[in-house]
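See below for the structure under consideration.
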Amino acid sequence: MAEKEVRKKYASIEEIPEEILKKLEPYISNVHGNVFVIRNLPNETIGGLLARYSRAPTSLILTLVNEFLDENGNPSQVRGTEIIDRVLVSFGDESVGELEGAKVGIENVSQLLTKHIEDRRIGGSPIEQSTRYVKYDQKDGNGRWRYLRPHEVIEAGLIEKFEIVNDKSFEVYSEGVKRLTEYFKGQFSRDKFQIEVERKGEKIKVLESELENDKERKAFNTAYNFTIKCAALDVGRCVLPSSTLTHLGINGNGRFFTNLISHLKSVNLLEANQKGSELEEALNTEIPTFIKRNKKDPRYQEIDKRMRDLASSLFNGISPEAGYVKLFPRLDYMDETLASCLFPFTNISINQILSTVSQLNYEKKLEILETYRANRKNRRDRSGRGLEAGYPLTFELVGGFAEYRDLERHRILTQQRQLLTPDLGFIIPPEIIEVGLEKEVLEGEAMMSDLNSSLKSAGLLEASQYATLFNHKIRFILGMNLREFQHLSELRSEPAGHFSYRAMVQEMAKQVSEMHPWSKTFYEFVDYSDPGNKISRAKEQSRIAGKSLKKNLDMSNDL
């Protein structure tokens with residue numbers, strides 16, 4: 001009882017005894033300051049403490065002492081949870097979910113599922129094991145290649161065929177990386193490679209013959225071999241399947257994880273459903289109160305089916321047109337929104353969609369929008385991204401799944417994609433032909449296309465996306481304002497980027513300049529140099545080698 005009185009008696013910081021403030025030092029970086037770091041507290045306590053900022057008349061430190069100490073005078077996670085519950089129940093303040101978060105690892109997920117995770121956009125920062133830096137040529141402890149065996153495929157009795165086709169893809173990939181490594185060594189010999197070093201206080205570039213010590217020689221070897229490795233992996237991954245397993249690390253807040261878990265539980269992929277439950281279980285050990293509002297939403301699959309049926313009837317008999325980069329002018333807002341809503345449920349272009357919907361009568365247009373809206377029971381049943389139509393810059397892009405994976409990760413824009421499918425064709429890199437693997441690659445692609453058809457015939461439309469390759473084309477749209485385009489175009493045209501998406505972004509910039517000439521002064525750092533250069537990383541690795549030498553860092557682990 002006396003301890004309870006101690007907790008509630010302080011009206012100001014000045015009244016708090018020094019011994020109590022001393023006890024708070026592990027948790028507050030500067031107990032006497034106006035700016036401080038909060039640390040070493042349970043997640044629920046931090047969240048509850050921050051939630052009180054909007055409703056407590058006292059400072060954070062005083063609130064911590066008065067409201068969040070247990071009977072021993074230590075910070076209480078239980079009290080934090082009680083505060084968060086009270087705010088959520090009494091006030092419905094969802095922003096509380098952004099006050100605390102967690103860092104999680106999600107391992108052995110397919111390339112397909114990573115897009116569902118990374119596409120949640122706001123409140124989470126993902127990092128993914130890269131197929132541009134990591135070789136996928138090692139089998140697991142059971143002698144199996146590293147790809148997902150989907151439960152849907154097993155239940156449909158198609159797993160044997162699935163494994164034969166995916167094994168073929170990995171065998172061609174493994175052989176391809178070996179041949180491409182030797183190929184790029186021939187294309188870019190060591191005697192032409194330079195690294196940046198410091199001589200007499202100046203940075204200069206030197207050849208291998210000009211190196212002066214073992215440190216420089218090691219840095220040279222690392223930089224050169226990394227350049228060749230990345231070039232080989234950039235091209236070789238063209239035959240990796242979408243079922244390829246990878247790892248993700250995510251730093252996210254509670255609202256992000258709530259939305260992510262709800263999404264994973266709701267989509268029509270068993271892998272997603274399982275990972276959603278596993279993620280919820282893991283986060284319940286750290287931030288249970290922050291994610292308790294997640295739920296499976298049956299509207300996901302209902303809307304998907306109705307919209308796909310509707311699109312099938314609207315666009316029956318229309319063959320998808322080819323494309324690459326198309327910047328669209330602003331059109332009728334209702335038609336733009338309709339096309340945006342329908343896009344993910346078709347395999348045709350926005351142009352083809354617009355030419356059909358623009359001819360529909362007003363009542364039919366309302367019917368489509370009503371189908372997309374579906375049965376909303378409350379304000380949290382938010383509609384899909386089709387309603388984000390109307391950006392000043394909207395691009396339709398057709399490129400490999402590999403390029404999409406890089407461009408899709410931008411957050412301050414809207415992206416929607418169609419299903420992964422072999423229907424739009426396969427991009428075979430010329431280097432694959434030059435190293436003598438064209439026949440094997442085309443055979444593997446034909447096998448994968450046949451597997452994709454088998455999965456669709458078995459009613460596994462969503463799971464059929466596992467039966468695609470990185471260089472199968474995908475159609476997607478990106479909508480953004482000029483400020484986001486400035487960021488995307490200048491970042492993704494840098495020489496260190498993948499050659500394919502560099503060429504795509506360069507074309508995007510050219511089309512924006514043509515349609516809006518006044519705008520080009522705002523993306524003046526777009527790099528238009530040699531988009532097809534597979535060893536464009538040479539310049540970047542030269543610079544990195546110089547920095548590592550100066551700081552005495554060993555970068556060889558990255559190999």
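Ordering of the structure tokens sets the chain letters (A, B, ...); residue numbers start at 1 within each chain; ligands are numbered from 1 in the order shown.
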I'd like the neighbourhood of segment 43-46 of chain A as an mmCIF file with all heavy atoms, in the first residue's frame, where a residue qualifies if any of its atoms comes within 7 Å (using only C-alpha atoms), though same-chain residues fewer than 3 positions away should be ignored.
data_model
loop_
_atom_site.group_PDB
_atom_site.id
_atom_site.type_symbol
_atom_site.label_atom_id
_atom_site.label_comp_id
_atom_site.auth_asym_id
_atom_site.auth_seq_id
_atom_site.Cartn_x
_atom_site.Cartn_y
_atom_site.Cartn_z
ATOM 1 N N LEU A 49 3.578 3.854 -22.496
ATOM 2 C CA LEU A 49 4.132 5.129 -22.036
ATOM 3 C C LEU A 49 3.940 6.211 -23.096
ATOM 4 O O LEU A 49 3.515 7.338 -22.796
ATOM 5 C CB LEU A 49 5.615 4.932 -21.723
ATOM 6 C CG LEU A 49 6.389 6.096 -21.099
ATOM 7 C CD1 LEU A 49 5.751 6.530 -19.787
ATOM 8 C CD2 LEU A 49 7.838 5.664 -20.870
ATOM 9 N N LEU A 50 4.244 5.887 -24.344
ATOM 10 C CA LEU A 50 4.071 6.858 -25.420
ATOM 11 C C LEU A 50 2.589 7.153 -25.672
ATOM 12 O O LEU A 50 2.224 8.277 -26.014
ATOM 13 C CB LEU A 50 4.737 6.341 -26.704
ATOM 14 C CG LEU A 50 6.262 6.257 -26.658
ATOM 15 C CD1 LEU A 50 6.798 5.582 -27.920
ATOM 16 C CD2 LEU A 50 6.880 7.642 -26.513
ATOM 17 N N SER A 76 6.792 -1.720 -15.448
ATOM 18 C CA SER A 76 5.860 -2.842 -15.524
ATOM 19 C C SER A 76 5.282 -2.985 -16.923
ATOM 20 O O SER A 76 4.618 -2.080 -17.432
ATOM 21 C CB SER A 76 4.719 -2.645 -14.522
ATOM 22 O OG SER A 76 3.677 -3.573 -14.758
ATOM 23 N N GLN A 77 5.523 -4.130 -17.544
ATOM 24 C CA GLN A 77 4.938 -4.399 -18.857
ATOM 25 C C GLN A 77 3.430 -4.547 -18.747
ATOM 26 O O GLN A 77 2.687 -4.152 -19.642
ATOM 27 C CB GLN A 77 5.540 -5.674 -19.464
ATOM 28 C CG GLN A 77 4.887 -6.068 -20.790
ATOM 29 C CD GLN A 77 5.763 -6.971 -21.616
ATOM 30 O OE1 GLN A 77 6.978 -6.924 -21.527
ATOM 31 N NE2 GLN A 77 5.148 -7.780 -22.460
ATOM 32 N N ARG A 79 1.343 -2.956 -16.816
ATOM 33 C CA ARG A 79 0.711 -1.635 -16.814
ATOM 34 C C ARG A 79 0.696 -1.033 -18.217
ATOM 35 O O ARG A 79 -0.245 -0.352 -18.610
ATOM 36 C CB ARG A 79 1.427 -0.705 -15.833
ATOM 37 C CG ARG A 79 1.146 -1.062 -14.388
ATOM 38 C CD ARG A 79 1.863 -0.127 -13.428
ATOM 39 N NE ARG A 79 1.405 -0.407 -12.067
ATOM 40 C CZ ARG A 79 0.350 0.164 -11.506
ATOM 41 N NH1 ARG A 79 -0.369 1.027 -12.200
ATOM 42 N NH2 ARG A 79 0.010 -0.140 -10.273
ATOM 43 N N GLY A 80 1.770 -1.265 -19.004
ATOM 44 C CA GLY A 80 1.791 -0.778 -20.376
ATOM 45 C C GLY A 80 0.694 -1.399 -21.210
ATOM 46 O O GLY A 80 -0.006 -0.720 -21.962
ATOM 47 N N THR A 81 0.513 -2.700 -21.065
ATOM 48 C CA THR A 81 -0.536 -3.407 -21.798
ATOM 49 C C THR A 81 -1.911 -2.888 -21.411
ATOM 50 O O THR A 81 -2.789 -2.701 -22.259
ATOM 51 C CB THR A 81 -0.444 -4.919 -21.524
ATOM 52 O OG1 THR A 81 0.834 -5.393 -21.951
ATOM 53 C CG2 THR A 81 -1.541 -5.677 -22.261
ATOM 54 N N GLU A 100 5.033 1.361 -31.094
ATOM 55 C CA GLU A 100 6.035 0.352 -30.780
ATOM 56 C C GLU A 100 6.005 -0.701 -31.881
ATOM 57 O O GLU A 100 5.026 -0.859 -32.607
ATOM 58 C CB GLU A 100 5.766 -0.284 -29.417
ATOM 59 C CG GLU A 100 6.892 -1.179 -28.910
ATOM 60 C CD GLU A 100 8.248 -0.493 -28.961
ATOM 61 O OE1 GLU A 100 8.553 0.324 -28.087
ATOM 62 O OE2 GLU A 100 9.003 -0.792 -29.917
ATOM 63 N N GLU A 286 6.253 -10.482 -28.121
ATOM 64 C CA GLU A 286 6.880 -9.166 -27.990
ATOM 65 C C GLU A 286 5.876 -8.025 -27.898
ATOM 66 O O GLU A 286 5.966 -7.189 -27.013
ATOM 67 C CB GLU A 286 7.827 -8.912 -29.184
ATOM 68 C CG GLU A 286 9.063 -9.772 -29.195
ATOM 69 C CD GLU A 286 9.979 -9.459 -28.023
ATOM 70 O OE1 GLU A 286 10.205 -8.266 -27.736
ATOM 71 O OE2 GLU A 286 10.470 -10.403 -27.380
ATOM 72 N N ILE A 287 4.939 -7.968 -28.830
ATOM 73 C CA ILE A 287 4.003 -6.828 -28.871
ATOM 74 C C ILE A 287 2.560 -7.335 -29.051
ATOM 75 O O ILE A 287 1.873 -6.947 -30.000
ATOM 76 C CB ILE A 287 4.364 -5.843 -30.009
ATOM 77 C CG1 ILE A 287 4.538 -6.566 -31.350
ATOM 78 C CG2 ILE A 287 5.605 -5.043 -29.670
ATOM 79 C CD1 ILE A 287 4.672 -5.625 -32.547
#
Compile the contact shell of segment 344-356 of chain A as a PDB file with N, CA, C and O atoms, in the first residue's frame: residues with an atom at most 8 Å away, counting only C-alpha atoms, same-chain residues fewer than 6 positions apart removed.
ATOM      1  N   ASP A 304     -12.034 -10.900 -54.963  1.00  0.00           N
ATOM      2  CA  ASP A 304     -11.157 -11.431 -56.008  1.00  0.00           C
ATOM      3  C   ASP A 304     -11.948 -12.275 -57.001  1.00  0.00           C
ATOM      4  O   ASP A 304     -11.831 -12.094 -58.219  1.00  0.00           O
ATOM      5  N   MET A 307     -14.617 -10.076 -59.002  1.00  0.00           N
ATOM      6  CA  MET A 307     -13.975  -9.178 -59.967  1.00  0.00           C
ATOM      7  C   MET A 307     -13.335  -9.956 -61.112  1.00  0.00           C
ATOM      8  O   MET A 307     -13.363  -9.528 -62.274  1.00  0.00           O
ATOM      9  N   ARG A 308     -12.784 -11.126 -60.814  1.00  0.00           N
ATOM     10  CA  ARG A 308     -12.186 -11.925 -61.880  1.00  0.00           C
ATOM     11  C   ARG A 308     -13.258 -12.462 -62.824  1.00  0.00           C
ATOM     12  O   ARG A 308     -13.070 -12.488 -64.047  1.00  0.00           O
ATOM     13  N   ALA A 311     -14.401  -9.447 -64.906  1.00  0.00           N
ATOM     14  CA  ALA A 311     -13.399  -9.094 -65.916  1.00  0.00           C
ATOM     15  C   ALA A 311     -13.383 -10.110 -67.055  1.00  0.00           C
ATOM     16  O   ALA A 311     -13.221  -9.749 -68.225  1.00  0.00           O
ATOM     17  N   SER A 312     -13.562 -11.375 -66.703  1.00  0.00           N
ATOM     18  CA  SER A 312     -13.581 -12.420 -67.726  1.00  0.00           C
ATOM     19  C   SER A 312     -14.713 -12.203 -68.726  1.00  0.00           C
ATOM     20  O   SER A 312     -14.535 -12.370 -69.934  1.00  0.00           O
ATOM     21  N   LEU A 314     -16.250  -9.254 -69.316  1.00  0.00           N
ATOM     22  CA  LEU A 314     -16.067  -7.978 -70.005  1.00  0.00           C
ATOM     23  C   LEU A 314     -15.048  -8.063 -71.133  1.00  0.00           C
ATOM     24  O   LEU A 314     -15.231  -7.457 -72.204  1.00  0.00           O
ATOM     25  N   PHE A 315     -13.971  -8.806 -70.891  1.00  0.00           N
ATOM     26  CA  PHE A 315     -12.851  -8.799 -71.829  1.00  0.00           C
ATOM     27  C   PHE A 315     -12.675 -10.134 -72.542  1.00  0.00           C
ATOM     28  O   PHE A 315     -11.591 -10.432 -73.053  1.00  0.00           O
ATOM     29  N   ILE A 318     -10.427 -10.944 -75.875  1.00  0.00           N
ATOM     30  CA  ILE A 318      -9.402  -9.923 -76.130  1.00  0.00           C
ATOM     31  C   ILE A 318      -8.024 -10.495 -75.802  1.00  0.00           C
ATOM     32  O   ILE A 318      -7.767 -10.915 -74.678  1.00  0.00           O
ATOM     33  N   SER A 319      -7.164 -10.547 -76.790  1.00  0.00           N
ATOM     34  CA  SER A 319      -5.810 -11.060 -76.576  1.00  0.00           C
ATOM     35  C   SER A 319      -4.929  -9.962 -76.006  1.00  0.00           C
ATOM     36  O   SER A 319      -4.985  -8.818 -76.475  1.00  0.00           O
ATOM     37  N   PRO A 320      -4.120 -10.273 -74.999  1.00  0.00           N
ATOM     38  CA  PRO A 320      -3.277  -9.233 -74.402  1.00  0.00           C
ATOM     39  C   PRO A 320      -2.273  -8.667 -75.396  1.00  0.00           C
ATOM     40  O   PRO A 320      -1.611  -9.423 -76.117  1.00  0.00           O
ATOM     41  N   GLU A 321      -2.190  -7.344 -75.465  1.00  0.00           N
ATOM     42  CA  GLU A 321      -1.226  -6.727 -76.356  1.00  0.00           C
ATOM     43  C   GLU A 321       0.125  -6.629 -75.671  1.00  0.00           C
ATOM     44  O   GLU A 321       0.223  -6.604 -74.457  1.00  0.00           O
ATOM     45  N   ASP A 335     -13.458   6.564 -65.391  1.00  0.00           N
ATOM     46  CA  ASP A 335     -12.887   5.511 -66.237  1.00  0.00           C
ATOM     47  C   ASP A 335     -11.508   5.090 -65.738  1.00  0.00           C
ATOM     48  O   ASP A 335     -11.163   3.899 -65.758  1.00  0.00           O
ATOM     49  N   GLU A 336     -10.700   6.060 -65.304  1.00  0.00           N
ATOM     50  CA  GLU A 336      -9.392   5.735 -64.724  1.00  0.00           C
ATOM     51  C   GLU A 336      -9.547   4.805 -63.522  1.00  0.00           C
ATOM     52  O   GLU A 336      -8.813   3.823 -63.366  1.00  0.00           O
ATOM     53  N   GLU A 396       2.270   2.022 -67.220  1.00  0.00           N
ATOM     54  CA  GLU A 396       2.096   0.581 -67.342  1.00  0.00           C
ATOM     55  C   GLU A 396       3.425   0.017 -67.832  1.00  0.00           C
ATOM     56  O   GLU A 396       3.998   0.515 -68.806  1.00  0.00           O
ATOM     57  N   GLN A 416       0.184  -1.903 -58.679  1.00  0.00           N
ATOM     58  CA  GLN A 416      -0.676  -3.077 -58.787  1.00  0.00           C
ATOM     59  C   GLN A 416      -0.102  -3.966 -59.883  1.00  0.00           C
ATOM     60  O   GLN A 416       0.452  -3.467 -60.865  1.00  0.00           O
ATOM     61  N   ARG A 417      -0.244  -5.248 -59.703  1.00  0.00           N
ATOM     62  CA  ARG A 417       0.270  -6.169 -60.710  1.00  0.00           C
ATOM     63  C   ARG A 417      -0.784  -7.184 -61.085  1.00  0.00           C
ATOM     64  O   ARG A 417      -1.754  -7.408 -60.352  1.00  0.00           O
ATOM     65  N   GLN A 418      -0.585  -7.803 -62.225  1.00  0.00           N
ATOM     66  CA  GLN A 418      -1.412  -8.917 -62.624  1.00  0.00           C
ATOM     67  C   GLN A 418      -0.749 -10.215 -62.165  1.00  0.00           C
ATOM     68  O   GLN A 418       0.377 -10.205 -61.658  1.00  0.00           O
ATOM     69  N   LEU A 419      -1.440 -11.327 -62.307  1.00  0.00           N
ATOM     70  CA  LEU A 419      -0.877 -12.607 -61.887  1.00  0.00           C
ATOM     71  C   LEU A 419       0.409 -12.917 -62.639  1.00  0.00           C
ATOM     72  O   LEU A 419       0.554 -12.595 -63.819  1.00  0.00           O
ATOM     73  N   ARG A 475       2.984  -7.848 -66.116  1.00  0.00           N
ATOM     74  CA  ARG A 475       2.459  -6.515 -66.386  1.00  0.00           C
ATOM     75  C   ARG A 475       2.077  -5.865 -65.053  1.00  0.00           C
ATOM     76  O   ARG A 475       1.361  -6.461 -64.252  1.00  0.00           O
TER      77      ARG A 475
END
Picked from segment 339-394 of chain A by DSSP as helix (DSSP H, G or I), as a short mmCIF file (atom, residue, chain, number, x, y, z; two decimals) with N, CA and C atoms, in the first residue's frame:
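Generated file (result-v2.cif):
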data_model
loop_
_atom_site.label_atom_id
_atom_site.label_comp_id
_atom_site.auth_asym_id
_atom_site.auth_seq_id
_atom_site.Cartn_x
_atom_site.Cartn_y
_atom_site.Cartn_z
N ALA A 339 -10.66 1.27 -64.60
CA ALA A 339 -9.55 0.52 -65.19
C ALA A 339 -8.57 0.07 -64.11
N SER A 340 -8.33 0.94 -63.13
CA SER A 340 -7.42 0.61 -62.04
C SER A 340 -7.98 -0.53 -61.19
N CYS A 341 -9.28 -0.52 -60.95
CA CYS A 341 -9.91 -1.58 -60.16
C CYS A 341 -9.88 -2.92 -60.89
N LEU A 342 -10.03 -2.89 -62.19
CA LEU A 342 -10.11 -4.13 -62.98
C LEU A 342 -8.73 -4.70 -63.32
N PHE A 343 -7.72 -3.87 -63.34
CA PHE A 343 -6.40 -4.26 -63.86
C PHE A 343 -5.84 -5.55 -63.26
N PRO A 344 -5.83 -5.72 -61.92
CA PRO A 344 -5.20 -6.93 -61.37
C PRO A 344 -5.93 -8.22 -61.72
N PHE A 345 -7.15 -8.12 -62.20
CA PHE A 345 -7.96 -9.31 -62.44
C PHE A 345 -8.01 -9.70 -63.92
N ILE A 350 -3.86 -1.69 -69.79
CA ILE A 350 -4.75 -0.60 -69.36
C ILE A 350 -5.45 0.02 -70.57
N ASN A 351 -4.72 0.17 -71.68
CA ASN A 351 -5.34 0.70 -72.90
C ASN A 351 -6.53 -0.14 -73.32
N GLN A 352 -6.35 -1.46 -73.30
CA GLN A 352 -7.43 -2.36 -73.71
C GLN A 352 -8.59 -2.30 -72.72
N ILE A 353 -8.27 -2.19 -71.44
CA ILE A 353 -9.33 -2.07 -70.44
C ILE A 353 -10.11 -0.78 -70.64
N LEU A 354 -9.38 0.33 -70.83
CA LEU A 354 -10.03 1.63 -70.99
C LEU A 354 -10.92 1.69 -72.23
N SER A 355 -10.46 1.07 -73.30
CA SER A 355 -11.26 1.12 -74.53
C SER A 355 -12.60 0.41 -74.35
N THR A 356 -12.64 -0.56 -73.44
CA THR A 356 -13.90 -1.27 -73.17
C THR A 356 -14.76 -0.51 -72.16
N VAL A 357 -14.17 -0.12 -71.03
CA VAL A 357 -14.99 0.50 -69.98
C VAL A 357 -15.51 1.87 -70.39
N TYR A 362 -23.43 4.30 -67.73
CA TYR A 362 -23.15 4.74 -66.36
C TYR A 362 -23.57 3.69 -65.33
N GLU A 363 -24.71 3.05 -65.56
CA GLU A 363 -25.21 2.05 -64.60
C GLU A 363 -24.26 0.86 -64.53
N LYS A 364 -23.72 0.42 -65.67
CA LYS A 364 -22.79 -0.71 -65.67
C LYS A 364 -21.50 -0.34 -64.94
N LYS A 365 -21.06 0.90 -65.12
CA LYS A 365 -19.86 1.35 -64.41
C LYS A 365 -20.08 1.32 -62.90
N LEU A 366 -21.25 1.77 -62.48
CA LEU A 366 -21.55 1.74 -61.05
C LEU A 366 -21.61 0.30 -60.53
N GLU A 367 -22.10 -0.60 -61.35
CA GLU A 367 -22.16 -2.02 -60.96
C GLU A 367 -20.77 -2.58 -60.71
N ILE A 368 -19.83 -2.22 -61.58
CA ILE A 368 -18.44 -2.69 -61.40
C ILE A 368 -17.85 -2.14 -60.11
N LEU A 369 -18.06 -0.85 -59.88
CA LEU A 369 -17.53 -0.24 -58.66
C LEU A 369 -18.17 -0.83 -57.41
N GLU A 370 -19.46 -1.17 -57.50
CA GLU A 370 -20.15 -1.79 -56.36
C GLU A 370 -19.58 -3.18 -56.08
N THR A 371 -19.26 -3.91 -57.15
CA THR A 371 -18.64 -5.23 -56.99
C THR A 371 -17.28 -5.10 -56.30
N TYR A 372 -16.53 -4.09 -56.68
CA TYR A 372 -15.21 -3.86 -56.08
C TYR A 372 -15.33 -3.43 -54.61
N ARG A 373 -16.35 -2.63 -54.32
CA ARG A 373 -16.57 -2.17 -52.93
C ARG A 373 -16.96 -3.33 -52.03
N ARG A 385 -6.58 -0.91 -53.79
CA ARG A 385 -5.77 0.16 -54.36
C ARG A 385 -6.30 0.70 -55.68
N GLY A 386 -7.31 0.04 -56.22
CA GLY A 386 -7.91 0.59 -57.43
C GLY A 386 -8.39 2.01 -57.23
N LEU A 387 -8.79 2.34 -56.00
CA LEU A 387 -9.30 3.68 -55.70
C LEU A 387 -8.19 4.72 -55.63
N GLU A 388 -6.94 4.29 -55.72
CA GLU A 388 -5.83 5.24 -55.71
C GLU A 388 -5.54 5.79 -57.10
#
Original post:
Got a sec: who's within 12 Å of segment 438-447 of chain A, counting only C-alpha atoms, leaving out chain neighbours fewer than 5 positions off, as an NGL selection string?
Top reply: :A and (161-176 or 236-241 or 421-423 or 425-433 or 452-454 or 467-472)
Original post:
Running DSSP on the backbone, which parts of segment 173-279 of chain A land in strand (DSSP E), as an NGL selection string?
Top reply: :A and (194-199 or 202-207 or 245-253)
Original post:
Could you pull the residues within 10 Å of segment 406-408 of chain A, counting only C-alpha atoms, minus those fewer than 4 positions along the same chain, as a PyMOL selection string?
Top reply: chain A and resi 115+118-119+121+401-402+413-417+476-478+488+492+497-498+501+504-505
Original post:
When distances are computed from only C-alpha atoms, which of A:Leu393, A:Ala282, A:Leu451, A:Val177 shows the smallest separation from Lys103 of chain A?
Top reply: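 Closest to Lys103 of chain A, using only C-alpha atoms: A:Ala282.
Residues in contact range of segment 122-129 of chain A, defined as at most 8 Å between only C-alpha atoms, with sequence neighbours fewer than 3 positions away removed, read Glu98, Glu118, Val134, Thr246, His247, Leu248, Gly249, Ile250, Asn251, Gly252, Asn253, Arg255, Phe256, Phe257 and Arg411 of chain A.
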Original post:
Within 8 Å of Glu208 of chain A, counting only C-alpha atoms, which residues qualify if same-chain residues fewer than 3 places away don't, as a list in words?
Top reply: Arg190, Asp191, Phe193, Gln194, Leu211, Arg217 and Phe220 of chain A
